[in-house]
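See structure below.
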Amino acid sequence: MTSRLETPLLDTVDMPEDLRALKASQLRQLSDELRAEMIDAVGTTGGHLGSGLGVVELTVAIHYVFNTPDDRLIWDVGHQAYPHKIITGRRDRIRTIRQGGGLSGFTKRSESEYDPFGAAHSSTSISAGLGFAIANKLSGAPGKAIAVIGDGAMSAGMAYEAMNNAEAAGNRLIVILNDNDMSIAPPVGGLSGYLARLVTSGRFLGLRELAKRFARKLPAPLHRAARKTDEYARGMAMGGTLFEELGFYYVGPIDGHDLDQLIPVLENVRDAAEGPCLIHVVTQKGKGYAPAEESADKYHGVAKFDVITGEQKKSTGGPPAYQNVFGETLSKLAESDPRICAITAAMPSGTGVDKFARAHPLRAFDVGIAEQHAVTFAAGLAAQGMRPFAAIYSTFLQRAFDQIVHDVAIQNLPVRFAIDRAGLVGADGATHAGSFDLTYLTTLPNMVVMAPSDEAELVHMTYTAAEHDSGPIAFRYPRGAGVGVDLPEVPEKLEIGKGRVVRGDIKGGKIAILSLGARLAEAQKAADQLEAKGLATTIADMRFAKPLDSELIRKLATTHEVVLTIEEGSIGGLGAHVLTLASDEGLLDSGLKIRTMRLPDIFQDHDTPEKQYEQAGLTAPHIVETVLGALRHNSARVEEARA
């Protein structure tokens, strides 16, 4: 007969209301089962692991104490929300996470009413939570807003901007600071947990309110002194003076894995009449799974893995990843150039800056989740004669657009932007796709924008950027492995604004394909198919989206019947600029057909890269069909003219 302790509680919990029907004494068992379920699921699919393992107990406690979804729970970034998804009606789909047609790896409004705010970028939760709290206040709705933000996300200024305005929300806003790196926490133990429960208790808050009323009747200097005494007394015992100055009632630190501490503190805060509150919980990333606990990155993001051993099923061999080619190239260049510096915004390994940092530690800077600061910091370095490389994912660079314009481009400062994850990114989906950098960068005066077609070209472009001191320069490259070409021993400095013909005859042919970036391989496949149909095809690797190689475009446009552009970016990039050039110079007057291929005007959901490219229409068969369609259209017009 199965004992009560062995009863699988997770099987009885489909929604938070089921969880709230349990006894508090059962939550430990539920948490253990939830952690095991998450480990097994991520072992099957791959994805984010360590951050979710660290918040299992916190997730259970929040849903147990608060009336979600009426109380709005906002997870910062969202990759820590896997346990949340399991107990909010999505357990049956958790093994589809990050798969085509499956659950998103982040919170997503269209997925569940328990995801009130989509989040895949950092440091948005407090601002969004404040919006929910104020909306409830204005409408008279009873719900609270709970924002769970990691300590890393607190390195972004947006979090403090939101906190500076949070006082208006009153007690409807609760911020939970998930400190999983022990970066700002004093030792956590029984005393700090006791203090946290004490200062959130109704008795303490009642006495504190009486004291505050009494203090208000004192002369102003004594009133201010009494208020400061209250703040600093708790600050000395528990920390949090900064948060108090921003208008928050600070509680903590408390052990984020101890449900006996979490539950009463959350209940006290839920029922408190105080204003906005910040609860500081200390958790362990990767908690409860030994391979994650022992890993340097706590298994932040993993491939499919063996649950028993923790061994990840990563592919071995093959071409190097673009990020590693960049990091190693920059490290080598910096050996002979002491002016080269590398800056990353909390993604050293993802951008390859970790390799640079090992070789040149004094010239590598991880500024945290602070892209705006990263760009202006780089501008300051450049203004003082250094050669800074700001290595930032395309999707994250969007957060610093004003700094690119105001602090870099207008001043024509030679900041080098190494833009990783440009284009589609597979399982991370729309929030992490680098779709827009070509469009927003090529609109800026003084900016040079490059895109390598393979990893050898990335080596040349890294060197070209290092040697370019006359203004800002950017080069964008995709996620993942290169195409397998040999890397050059000695990099070549490219002539700014000049492309190259890699196939066919610039003097004449039927089709000219202008390729920018890593779609060149698909253009080559398409050319093979077109040649098989008797259609002579010329391919140009444009290399530069800005400045355009106007001379090359002009020659190809006047010697070919159809010109096709292809790029892995949104409308407004290479194709738009080629069309503008053709219009300005009257190249269309002769009957030239120009077709542009680019990312579709949608936010593409997560899927395999192959399926994403198929949906986007950026494969060799799509190129062939676009060319044939243009030729058919041209033939029809000729026949019509003859008739």
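By convention in this document, the chains of the structure tokens carry letters A, B, ... by their order, each chain's residues are numbered from 1, and ligands are numbered from 1 in the order they are shown.
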
Among segment 370-410 of chain A, which ones does DSSP assign to alpha helix (DSSP H) (computed from the backbone)? Answer as an MDAnalysis selection string.
chainID A and resid 371:383 394:397 401:403

Please identify all polymer residues within 8 Å of Met386 of chain A, counting only C-alpha atoms, omitting same-chain residues fewer than 6 positions from it, and present them as a list in words.
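With the cut-off at 8 Å, the set is Arg339, Ile340 and Cys341 of chain A.
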
Go ahead and save the picked residues with N, CA and C atoms, as a PDB file, in the first residue's frame.
ATOM      1  N   ARG A 339      45.517  49.034 -28.030  1.00  0.00           N
ATOM      2  CA  ARG A 339      44.338  49.897 -27.986  1.00  0.00           C
ATOM      3  C   ARG A 339      43.027  49.113 -28.059  1.00  0.00           C
ATOM      4  N   ILE A 340      43.087  47.852 -28.456  1.00  0.00           N
ATOM      5  CA  ILE A 340      41.868  47.061 -28.619  1.00  0.00           C
ATOM      6  C   ILE A 340      41.310  46.660 -27.256  1.00  0.00           C
ATOM      7  N   CYS A 341      40.021  46.942 -27.064  1.00  0.00           N
ATOM      8  CA  CYS A 341      39.292  46.551 -25.854  1.00  0.00           C
ATOM      9  C   CYS A 341      38.024  45.809 -26.281  1.00  0.00           C
TER      10      CYS A 341
END

When you count only C-alpha atoms, which of these residues is closest to Ile513 of chain A: A:Gly480, A:Pro69, A:Gly318, A:Gly575?
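The answer is A:Gly575, which sits nearest to Ile513 of chain A.
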
Using only C-alpha atoms, which protein or nucleic acid residues come within 12 Å of Ala135 of chain A? Drop anything in the same chain fewer than 2 positions from it, and give the result as an NGL selection string.
:A and (72 or 128-133 or 137-145 or 168-169 or 172-173)

Please measure the separation of atom CA of Thr619 of chain A and atom CA of Gln524 of chain A, giving the value in Å to one decimal.
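Distance reported for this atom pair: 10.5 Å.
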
How close does each residue of segment 237-309 of chain A get to segment 51-55 of chain A, giving the shortest atom pair and distance in Å to one decimal for every residue with an atom at most 6 Å away, counting only C-alpha atoms, sorted by chain and residue number, as JSON lines?
{"residue": "A:Thr283", "atom": "CA", "partner": "A:Gly54", "partner_atom": "CA", "distance": 5.7}
{"residue": "A:Gln284", "atom": "CA", "partner": "A:Gly54", "partner_atom": "CA", "distance": 5.2}
{"residue": "A:Lys285", "atom": "CA", "partner": "A:Gly54", "partner_atom": "CA", "distance": 4.5}
{"residue": "A:Gly286", "atom": "CA", "partner": "A:Leu53", "partner_atom": "CA", "distance": 5.0}
{"residue": "A:Lys287", "atom": "CA", "partner": "A:Gly54", "partner_atom": "CA", "distance": 5.1}

Pairwise distance for atom CA of Asp420 of chain A and atom CA of Phe326 of chain A, rounded to one decimal in Å:
9.4 Å

Spatial neighbours of Ile39 of chain A, 8 Å, only C-alpha atoms, chain gap at least 4 places, as number ranges by chain
A: 35, 43, 49, 289, 307

If you count only C-alpha atoms, which residues fall within 8 Å of Val485 of chain A, apart from same-chain ones fewer than 6 positions away, as an MDAnalysis selection string?
chainID A and resid 319 454:456

Only C-alpha atoms, please: the residues just picked out, written as a short mmCIF file (atom, residue, chain, number, x, y, z; two decimals), in the first residue's frame.
data_model
loop_
_atom_site.label_atom_id
_atom_site.label_comp_id
_atom_site.auth_asym_id
_atom_site.auth_seq_id
_atom_site.Cartn_x
_atom_site.Cartn_y
_atom_site.Cartn_z
CA PRO A 319 33.06 24.10 -38.09
CA ASP A 454 31.25 32.76 -43.76
CA GLU A 455 33.68 32.49 -40.87
CA ALA A 456 36.71 33.42 -42.99
#

Do a neighbour search on Ala536 of chain A at 8 Å with only C-alpha atoms, toss out local chain neighbours closer than 3 positions, and write the hits as a list in words.
Gly504, Gly509, Lys510, Ile511, Leu530 and Glu531 of chain A
